[in-house]
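Chemist: File target_35.pdb follows (PDB, C-alpha atoms):
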MODEL        1
ATOM      1  CA  MET D 222      16.736 -27.124 -18.549
ATOM      2  CA  LYS D 223      16.742 -24.735 -21.515
ATOM      3  CA  LYS D 224      16.362 -21.051 -20.698
ATOM      4  CA  GLY D 225      15.399 -18.083 -22.840
ATOM      5  CA  ILE D 226      14.904 -14.345 -22.585
ATOM      6  CA  CYS D 227      12.366 -11.852 -23.910
ATOM      7  CA  THR D 228      13.792  -9.170 -26.247
ATOM      8  CA  LEU D 229      10.485  -7.647 -27.375
ATOM      9  CA  PRO D 230       8.705  -4.869 -25.441
ATOM     10  CA  MET D 231       6.052  -7.364 -24.305
ATOM     11  CA  VAL D 232       5.044 -10.891 -25.276
ATOM     12  CA  PRO D 233       1.692 -12.590 -24.582
ATOM     13  CA  VAL D 234       1.701 -15.747 -22.468
ATOM     14  CA  ARG D 235      -1.308 -17.850 -23.432
ATOM     15  CA  GLU D 236      -3.410 -20.448 -21.656
ATOM     16  CA  LYS D 237      -3.097 -22.912 -24.560
ATOM     17  CA  PRO D 238      -0.607 -23.270 -27.444
ATOM     18  CA  SER D 239      -2.476 -21.237 -30.059
ATOM     19  CA  ASP D 240      -2.813 -17.585 -31.051
ATOM     20  CA  PRO D 241      -6.596 -17.419 -30.371
ATOM     21  CA  SER D 242      -6.097 -18.742 -26.830
ATOM     22  CA  GLN D 243      -6.672 -16.401 -23.909
ATOM     23  CA  MET D 244      -3.704 -14.316 -22.757
ATOM     24  CA  ILE D 245      -3.072 -15.053 -19.078
ATOM     25  CA  ASN D 246       0.162 -13.131 -18.576
ATOM     26  CA  GLN D 247       2.809 -11.042 -20.316
ATOM     27  CA  ILE D 248       6.571 -11.148 -20.211
ATOM     28  CA  LEU D 249       8.450  -7.891 -20.708
ATOM     29  CA  PHE D 250      11.852  -7.148 -22.182
ATOM     30  CA  GLY D 251      14.605  -8.778 -20.104
ATOM     31  CA  ASP D 252      12.358 -11.335 -18.402
ATOM     32  CA  THR D 253      13.994 -14.769 -18.387
ATOM     33  CA  VAL D 254      12.002 -17.964 -18.790
ATOM     34  CA  HIS D 255      12.549 -21.673 -18.239
ATOM     35  CA  ILE D 256      11.371 -23.951 -21.039
ATOM     36  CA  LYS D 257       9.324 -26.816 -19.597
ATOM     37  CA  ASP D 258       7.749 -28.346 -22.709
ATOM     38  CA  ARG D 259       7.085 -27.834 -26.413
ATOM     39  CA  PHE D 260       4.115 -28.328 -28.732
ATOM     40  CA  LYS D 261       4.841 -27.654 -32.408
ATOM     41  CA  SER D 262       5.997 -24.016 -32.546
ATOM     42  CA  TRP D 263       4.864 -23.225 -28.975
ATOM     43  CA  LEU D 264       6.929 -23.312 -25.791
ATOM     44  CA  PHE D 265       5.504 -24.020 -22.359
ATOM     45  CA  ILE D 266       7.447 -21.678 -20.082
ATOM     46  CA  GLU D 267       7.793 -20.653 -16.452
ATOM     47  CA  THR D 268       8.893 -17.113 -15.715
ATOM     48  CA  ALA D 269      12.063 -17.112 -13.638
ATOM     49  CA  HIS D 270      10.971 -14.348 -11.261
ATOM     50  CA  ASP D 271       7.630 -15.861 -10.181
ATOM     51  CA  ASN D 272       7.328 -19.371 -11.735
ATOM     52  CA  TYR D 273       4.133 -18.443 -13.598
ATOM     53  CA  ALA D 274       3.438 -20.904 -16.414
ATOM     54  CA  GLY D 275       1.931 -20.591 -19.868
ATOM     55  CA  TRP D 276       2.547 -20.883 -23.601
ATOM     56  CA  VAL D 277       4.551 -18.511 -25.811
ATOM     57  CA  ASP D 278       5.322 -18.492 -29.521
ATOM     58  CA  GLU D 279       8.895 -19.778 -29.983
ATOM     59  CA  LYS D 280       9.563 -16.902 -32.412
ATOM     60  CA  GLN D 281       9.184 -14.408 -29.575
ATOM     61  CA  ILE D 282      11.941 -15.816 -27.334
ATOM     62  CA  ILE D 283      15.697 -15.899 -27.970
ATOM     63  CA  PHE D 284      18.303 -18.232 -26.496
ATOM     64  CA  PRO D 285      21.607 -16.502 -25.706
ATOM     65  CA  PRO D 286      24.447 -18.473 -24.071
ATOM     66  CA  MET D 287      23.365 -20.112 -20.802
ATOM     67  CA  ALA D 288      26.064 -18.218 -18.893
ATOM     68  CA  PHE D 289      24.453 -14.908 -19.907
ATOM     69  CA  ILE D 290      21.003 -16.009 -18.683
ATOM     70  CA  GLU D 291      22.312 -17.396 -15.406
ATOM     71  CA  LYS D 292      24.241 -14.216 -14.674
ATOM     72  CA  ALA D 293      21.195 -12.095 -15.490
ATOM     73  CA  GLU D 294      19.065 -14.127 -13.074
ATOM     74  CA  LYS D 295      21.560 -13.670 -10.224
ATOM     75  CA  GLU D 296      22.290  -9.948 -10.525
ATOM     76  CA  VAL D 297      20.357  -7.237  -8.688
ATOM     77  CA  PRO D 298      17.855  -6.238 -11.390
ATOM     78  CA  VAL D 299      17.749  -2.791 -12.978
ATOM     79  CA  PHE D 300      14.322  -1.684 -14.217
ATOM     80  CA  LEU D 301      13.226   1.016 -16.610
ATOM     81  CA  ALA D 302      10.965   3.482 -14.790
ATOM     82  CA  GLU D 303       9.840   5.463 -17.863
ATOM     83  CA  LYS D 304       6.664   4.665 -19.814
ATOM     84  CA  TYR D 305       8.500   4.121 -23.111
ATOM     85  CA  VAL D 306      12.132   4.445 -24.254
ATOM     86  CA  GLU D 307      14.182   3.392 -27.261
ATOM     87  CA  ALA D 308      17.735   2.081 -26.787
ATOM     88  CA  GLN D 309      20.191   1.490 -29.592
ATOM     89  CA  ASP D 310      23.456  -0.316 -30.300
ATOM     90  CA  LYS D 311      26.539   0.983 -32.160
ATOM     91  CA  ASN D 312      24.939   0.012 -35.497
ATOM     92  CA  ASN D 313      21.826   2.071 -34.668
ATOM     93  CA  ASN D 314      19.660  -1.019 -34.208
ATOM     94  CA  ARG D 315      16.861  -0.015 -31.858
ATOM     95  CA  LEU D 316      15.122  -1.770 -29.002
ATOM     96  CA  SER D 317      11.740  -0.630 -27.716
ATOM     97  CA  LEU D 318      11.380  -0.742 -23.944
ATOM     98  CA  VAL D 319       8.366  -0.188 -21.711
ATOM     99  CA  MET D 320       8.175   0.627 -18.010
ATOM    100  CA  GLY D 321       9.117  -2.416 -15.950
ATOM    101  CA  SER D 322      11.587  -3.764 -18.521
ATOM    102  CA  ARG D 323      14.629  -5.401 -16.951
ATOM    103  CA  LEU D 324      18.032  -4.321 -18.293
ATOM    104  CA  PRO D 325      20.550  -7.211 -18.197
ATOM    105  CA  ARG D 326      24.174  -6.529 -17.213
ATOM    106  CA  PHE D 327      23.660  -2.783 -16.845
ATOM    107  CA  ASP D 328      27.028  -1.086 -16.231
ATOM    108  CA  GLY D 329      25.841   2.437 -15.548
ATOM    109  CA  GLU D 330      25.775   3.393 -19.218
ATOM    110  CA  ASN D 331      24.911   0.328 -21.288
ATOM    111  CA  PHE D 332      22.958  -2.882 -20.887
ATOM    112  CA  TYR D 333      23.674  -6.015 -22.867
ATOM    113  CA  MET D 334      21.820  -8.650 -24.815
ATOM    114  CA  GLY D 335      24.374 -11.382 -25.296
ATOM    115  CA  GLU D 336      27.549  -9.531 -26.309
ATOM    116  CA  THR D 337      25.711  -6.572 -27.859
ATOM    117  CA  ALA D 338      25.705  -3.335 -25.863
ATOM    118  CA  PHE D 339      22.684  -1.013 -25.972
ATOM    119  CA  LYS D 340      22.779   2.595 -24.836
ATOM    120  CA  LEU D 341      19.849   4.407 -23.248
ATOM    121  CA  PRO D 342      18.998   8.065 -23.870
ATOM    122  CA  LYS D 343      20.528  10.411 -21.313
ATOM    123  CA  GLY D 344      18.566  11.102 -18.152
ATOM    124  CA  VAL D 345      16.340   8.027 -18.291
ATOM    125  CA  LEU D 346      14.931   7.075 -14.889
ATOM    126  CA  LEU D 347      16.030   3.635 -13.681
ATOM    127  CA  TYR D 348      15.322   1.686 -10.502
ATOM    128  CA  GLN D 349      17.632  -0.683  -8.684
ATOM    129  CA  GLY D 350      17.259  -2.041  -5.165
ATOM    130  CA  ARG D 351      14.494  -1.477  -2.646
ATOM    131  CA  LYS D 352      12.401   1.673  -2.518
ATOM    132  CA  ASN D 353      10.383   2.971   0.410
ATOM    133  CA  ALA D 354       6.595   3.065   0.636
ATOM    134  CA  GLN D 355       6.245   6.621  -0.649
ATOM    135  CA  GLU D 356       8.485   5.904  -3.641
ATOM    136  CA  LEU D 357       6.369   2.846  -4.394
ATOM    137  CA  VAL D 358       3.190   4.942  -4.317
ATOM    138  CA  GLU D 359       4.732   7.466  -6.732
ATOM    139  CA  THR D 360       5.751   4.599  -9.024
ATOM    140  CA  ALA D 361       2.174   3.318  -9.015
ATOM    141  CA  LYS D 362       0.892   6.764 -10.057
ATOM    142  CA  ASN D 363       3.047   6.583 -13.197
ATOM    143  CA  TYR D 364       0.575   3.953 -14.462
ATOM    144  CA  LEU D 365      -2.481   6.211 -14.141
ATOM    145  CA  GLY D 366      -4.598   5.989 -17.282
ATOM    146  CA  SER D 367      -3.208   2.641 -18.378
ATOM    147  CA  PRO D 368      -6.116   0.601 -19.841
ATOM    148  CA  TYR D 369      -7.213  -2.593 -18.120
ATOM    149  CA  LEU D 370      -6.084  -5.693 -20.008
ATOM    150  CA  TRP D 371      -6.561  -9.231 -18.712
ATOM    151  CA  GLY D 372      -3.091 -10.747 -18.324
ATOM    152  CA  GLY D 373      -1.334  -7.441 -19.066
ATOM    153  CA  ARG D 374       1.750  -6.135 -17.247
ATOM    154  CA  SER D 375       2.654  -2.947 -19.154
ATOM    155  CA  PHE D 376       1.537   0.684 -19.247
ATOM    156  CA  PHE D 377      -0.227  -0.093 -22.548
ATOM    157  CA  GLY D 378      -2.517  -2.630 -20.855
ATOM    158  CA  ILE D 379      -2.461  -4.100 -17.369
ATOM    159  CA  ASP D 380      -4.701  -6.084 -15.009
ATOM    160  CA  CYS D 381      -5.107  -5.550 -11.278
ATOM    161  CA  SER D 382      -2.556  -8.068 -10.009
ATOM    162  CA  GLY D 383      -0.178  -7.411 -12.907
ATOM    163  CA  PHE D 384      -0.224  -3.781 -11.783
ATOM    164  CA  THR D 385       0.557  -4.505  -8.136
ATOM    165  CA  GLN D 386       3.175  -7.116  -9.046
ATOM    166  CA  ILE D 387       5.130  -4.945 -11.504
ATOM    167  CA  VAL D 388       5.058  -1.879  -9.230
ATOM    168  CA  TYR D 389       6.342  -3.896  -6.287
ATOM    169  CA  ARG D 390       8.900  -5.674  -8.470
ATOM    170  CA  MET D 391      10.335  -2.416  -9.798
ATOM    171  CA  CYS D 392      10.668  -1.241  -6.196
ATOM    172  CA  GLY D 393      12.571  -4.362  -5.091
ATOM    173  CA  TYR D 394       9.816  -6.595  -3.672
ATOM    174  CA  SER D 395       8.677  -9.956  -5.041
ATOM    175  CA  LEU D 396       4.994 -10.829  -5.317
ATOM    176  CA  PRO D 397       3.352 -13.765  -7.104
ATOM    177  CA  ARG D 398       1.278 -13.087 -10.222
ATOM    178  CA  ASP D 399      -2.368 -13.488  -9.159
ATOM    179  CA  SER D 400      -4.337 -11.540  -6.542
ATOM    180  CA  SER D 401      -5.346 -14.733  -4.681
ATOM    181  CA  GLN D 402      -1.645 -15.641  -4.389
ATOM    182  CA  GLN D 403      -0.611 -12.125  -3.378
ATOM    183  CA  ALA D 404      -3.243 -12.247  -0.604
ATOM    184  CA  GLU D 405      -1.106 -14.826   1.208
ATOM    185  CA  HIS D 406       1.860 -12.450   1.548
ATOM    186  CA  GLY D 407       2.652  -9.747   4.079
ATOM    187  CA  ASN D 408       1.094  -9.044   7.457
ATOM    188  CA  LEU D 409      -2.604  -8.566   8.056
ATOM    189  CA  VAL D 410      -3.726  -5.025   8.942
ATOM    190  CA  GLY D 411      -6.556  -5.216  11.470
ATOM    191  CA  PHE D 412      -8.440  -2.005  10.683
ATOM    192  CA  ILE D 413      -8.562   0.281   7.670
ATOM    193  CA  GLU D 414      -7.673   3.215   9.958
ATOM    194  CA  GLU D 415      -4.349   1.465  10.690
ATOM    195  CA  SER D 416      -3.428   1.125   7.019
ATOM    196  CA  LYS D 417      -0.463   2.951   5.505
ATOM    197  CA  PRO D 418       0.577   4.017   1.989
ATOM    198  CA  ALA D 419       1.688   1.048  -0.170
ATOM    199  CA  ASP D 420      -0.417  -1.486   1.757
ATOM    200  CA  LEU D 421      -2.312  -3.909  -0.467
ATOM    201  CA  ALA D 422      -6.107  -4.108  -0.247
ATOM    202  CA  PHE D 423      -7.828  -7.301  -1.409
ATOM    203  CA  PHE D 424     -11.413  -7.701  -2.574
ATOM    204  CA  GLU D 425     -13.757 -10.672  -2.850
ATOM    205  CA  ASN D 426     -16.605 -11.776  -5.098
ATOM    206  CA  GLU D 427     -19.984 -13.121  -3.973
ATOM    207  CA  GLU D 428     -18.463 -16.569  -3.399
ATOM    208  CA  GLY D 429     -15.800 -15.118  -1.083
ATOM    209  CA  ARG D 430     -12.947 -15.638  -3.552
ATOM    210  CA  ILE D 431     -10.202 -13.004  -3.826
ATOM    211  CA  VAL D 432     -10.596 -11.444  -7.278
ATOM    212  CA  HIS D 433      -9.107  -7.935  -7.055
ATOM    213  CA  VAL D 434      -6.210  -6.062  -5.488
ATOM    214  CA  GLY D 435      -4.992  -2.463  -5.307
ATOM    215  CA  ILE D 436      -2.396  -0.259  -3.619
ATOM    216  CA  LEU D 437      -3.422   2.127  -0.850
ATOM    217  CA  LEU D 438      -2.374   5.771  -1.191
ATOM    218  CA  ASN D 439      -3.671   6.455   2.334
ATOM    219  CA  ASN D 440      -6.444   4.999   4.484
ATOM    220  CA  HIS D 441      -9.230   6.325   2.247
ATOM    221  CA  GLN D 442      -7.818   6.224  -1.298
ATOM    222  CA  ILE D 443      -6.672   3.368  -3.513
ATOM    223  CA  ILE D 444      -4.958   3.133  -6.890
ATOM    224  CA  HIS D 445      -5.950   0.054  -8.874
ATOM    225  CA  SER D 446      -6.618  -1.263 -12.385
ATOM    226  CA  SER D 447     -10.359  -1.335 -13.050
ATOM    227  CA  GLY D 448     -11.251  -0.222 -16.569
ATOM    228  CA  GLN D 449      -8.034   1.746 -16.325
ATOM    229  CA  VAL D 450      -5.505   2.446 -13.611
ATOM    230  CA  ARG D 451      -7.378   4.970 -11.475
ATOM    231  CA  ILE D 452      -7.654   6.422  -7.995
ATOM    232  CA  ASP D 453     -10.879   5.749  -6.086
ATOM    233  CA  THR D 454     -12.265   6.138  -2.584
ATOM    234  CA  LEU D 455     -11.944   3.236  -0.141
ATOM    235  CA  ASP D 456     -13.881   2.569   3.060
ATOM    236  CA  HIS D 457     -14.894  -0.414   5.225
ATOM    237  CA  GLU D 458     -17.330  -1.595   2.565
ATOM    238  CA  GLY D 459     -14.971  -1.402  -0.380
ATOM    239  CA  ILE D 460     -14.135   0.754  -3.410
ATOM    240  CA  PHE D 461     -16.546   3.541  -4.323
ATOM    241  CA  ASN D 462     -16.317   4.708  -7.935
ATOM    242  CA  GLU D 463     -17.336   8.393  -8.101
ATOM    243  CA  SER D 464     -17.890   8.254 -11.873
ATOM    244  CA  LEU D 465     -20.346   5.369 -11.560
ATOM    245  CA  LYS D 466     -21.723   6.534  -8.198
ATOM    246  CA  LYS D 467     -21.580   3.030  -6.757
ATOM    247  CA  TYR D 468     -19.407   0.495  -4.955
ATOM    248  CA  THR D 469     -17.524  -1.696  -7.421
ATOM    249  CA  HIS D 470     -15.454  -4.000  -5.165
ATOM    250  CA  LYS D 471     -16.121  -5.517  -1.721
ATOM    251  CA  LEU D 472     -13.219  -5.223   0.725
ATOM    252  CA  ARG D 473     -11.947  -8.471   2.260
ATOM    253  CA  PHE D 474      -8.761  -7.422   4.071
ATOM    254  CA  ILE D 475      -5.570  -5.355   3.888
ATOM    255  CA  ARG D 476      -2.002  -6.644   4.016
ATOM    256  CA  ARG D 477       1.304  -4.840   4.580
ATOM    257  CA  ILE D 478       4.337  -5.828   2.528
ATOM    258  CA  ILE D 479       6.612  -2.904   3.466
ATOM    259  CA  GLU D 480       6.969  -2.598   7.236
TER     260      GLU D 480
ENDMDL
END
Show the structure stored in the file as structure tokens.

Modeler:
Amino acid sequence: MKKGICTLPMVPVREKPSDPSQMINQILFGDTVHIKDRFKSWLFIETAHDNYAGWVDEKQIIFPPMAFIEKAEKEVPVFLAEKYVEAQDKNNNRLSLVMGSRLPRFDGENFYMGETAFKLPKGVLLYQGRKNAQELVETAKNYLGSPYLWGGRSFFGIDCSGFTQIVYRMCGYSLPRDSSQQAEHGNLVGFIEESKPADLAFFENEEGRIVHVGILLNNHQIIHSSGQVRIDTLDHEGIFNESLKKYTHKLRFIRRIIE
């Protein structure tokens, strides 16, 4: 199976093999993908970290030696925890990185793309390994103000489940891509009063289908992507948006990922 890696800040993953097709996901710098099929200049890929499938333009993926990809997939990932950073190699070639980017073969000073080393600016915040619930909540707050974008996974545009997935991933926990899939993970919390920071709250539409997810800050506040990443009030009924003076999402249940 051929494997590739994303070396752009973010790349759209589309429902069909064409530029006008709906974006259903994004891959970020350092994400590795498995090539499942091809149609003309489009590649049907699965992301290595969550097996989410879709189409990408072949010009937006590179194919370093297989050994490099396989090593990158096995190592404990290092993630950029700053909104935006530029790294550069010894020839002053620059790479743009957004929060959530994965840095392959990071050695404490440089990360590598193939055999090329890239240096980060001094003092850049990086994450590696598992974080606790409070650290996860603080990570989520770094996305405040990010605009809602269907399929998005970056600070410059993100949807509700992309938001929860990337925050949890940066903090060392794996979640699937969509809210309905995420709703099958973790342990059910019986009552909202028993919820804790970093618990996930799930919301349903009129047909009873899970369509929204957010991260609890406490048992009466939630951070979620709805129009933008924002903090709203939560109660037994659901999310109350103070700006709109109405409930916007109906609560279905709460699940705990971090015990």

Chemist: Report the residues retrieved by the PyMOL selection byres ((chain D and resi 397-409) around 8) from the displayed file, expressed as JSON, numbers by chain.

Modeler: {"D": [271, 273, 381, 382, 383, 386, 395, 396, 410, 411, 423, 430, 431, 432, 433, 434, 474, 475, 476, 477, 478, 479]}

Chemist: Between CA of Phe332 (chain D) and CA of Phe300 (chain D), what is the spacing in Å?

Modeler: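 Distance between the two atoms: 11.0 Å.
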
Chemist: For Gly251 (chain D), which of D:Ser239, D:Ser317, D:Gln349, D:Ser322 is the closest residue, counting all atoms listed in the file?

Modeler: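 Of the candidates, the smallest distance to Gly251 (chain D) is held by D:Ser322.
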
Chemist: Using all atoms listed in the file for the distances, tell me which of D:Ile413, D:Ala302, D:Ile443, D:Ala422 is nearest to Met320 (chain D).

Modeler: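 Answer, going by the shortest atom-to-atom distance: D:Ala302.
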
Chemist: Any chance you could work out the residue set of the PyMOL selection byres ((chain D and resi 291) around 12) here, as a list of chain:residue names?

Modeler: D:Met222, D:Lys223, D:Lys224, D:Gly225, D:Ile226, D:Thr253, D:Val254, D:His255, D:Ala269, D:Phe284, D:Pro285, D:Pro286, D:Met287, D:Ala288, D:Phe289, D:Ile290, D:Lys292, D:Ala293, D:Glu294, D:Lys295, D:Glu296, D:Pro325, D:Arg326, D:Gly335

Chemist: Could you tell me which residues the PyMOL selection byres ((chain D and resi 357) around 12) returns for this structure, as a count of residues only?

Modeler: 37

Chemist: Between CA of Val345 (chain D) and CA of Glu303 (chain D), what is the distance, to one decimal in Å?

Modeler: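 Computing the Euclidean distance for CA of Val345 (chain D) and CA of Glu303 (chain D) yields 7.0 Å.
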
Chemist: Would you compute the distance between CA of Tyr369 (chain D) and CA of Ser446 (chain D)? Give it in Å to one decimal.

Modeler: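 So the answer is 5.9 Å.
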
Chemist: Residues within 8 Å of Ala308 (chain D), please, as a PDB file with C-alpha atoms, in the frame of the given file. Count all atoms listed in the file; anything in the same chain fewer than 4 positions from it doesn't count.

Modeler:
ATOM      1  CA  ARG D 315      16.861  -0.015 -31.858  1.00  0.00           C
ATOM      2  CA  LEU D 316      15.122  -1.770 -29.002  1.00  0.00           C
ATOM      3  CA  SER D 317      11.740  -0.630 -27.716  1.00  0.00           C
ATOM      4  CA  LEU D 318      11.380  -0.742 -23.944  1.00  0.00           C
ATOM      5  CA  PHE D 339      22.684  -1.013 -25.972  1.00  0.00           C
ATOM      6  CA  LYS D 340      22.779   2.595 -24.836  1.00  0.00           C
ATOM      7  CA  LEU D 341      19.849   4.407 -23.248  1.00  0.00           C
ATOM      8  CA  PRO D 342      18.998   8.065 -23.870  1.00  0.00           C
TER       9      PRO D 342
END

Chemist: What are the centre and the three edge lengths of an axis-aligned box that wraps all atoms of region 360-372 of chain D in the file, given that 3 Å is added to every side, written as JSON and rounded to one decimal in Å?

Modeler:
{"center_x": -0.7, "center_y": -2.0, "center_z": -14.5, "size_x": 19.0, "size_y": 23.5, "size_z": 17.0}
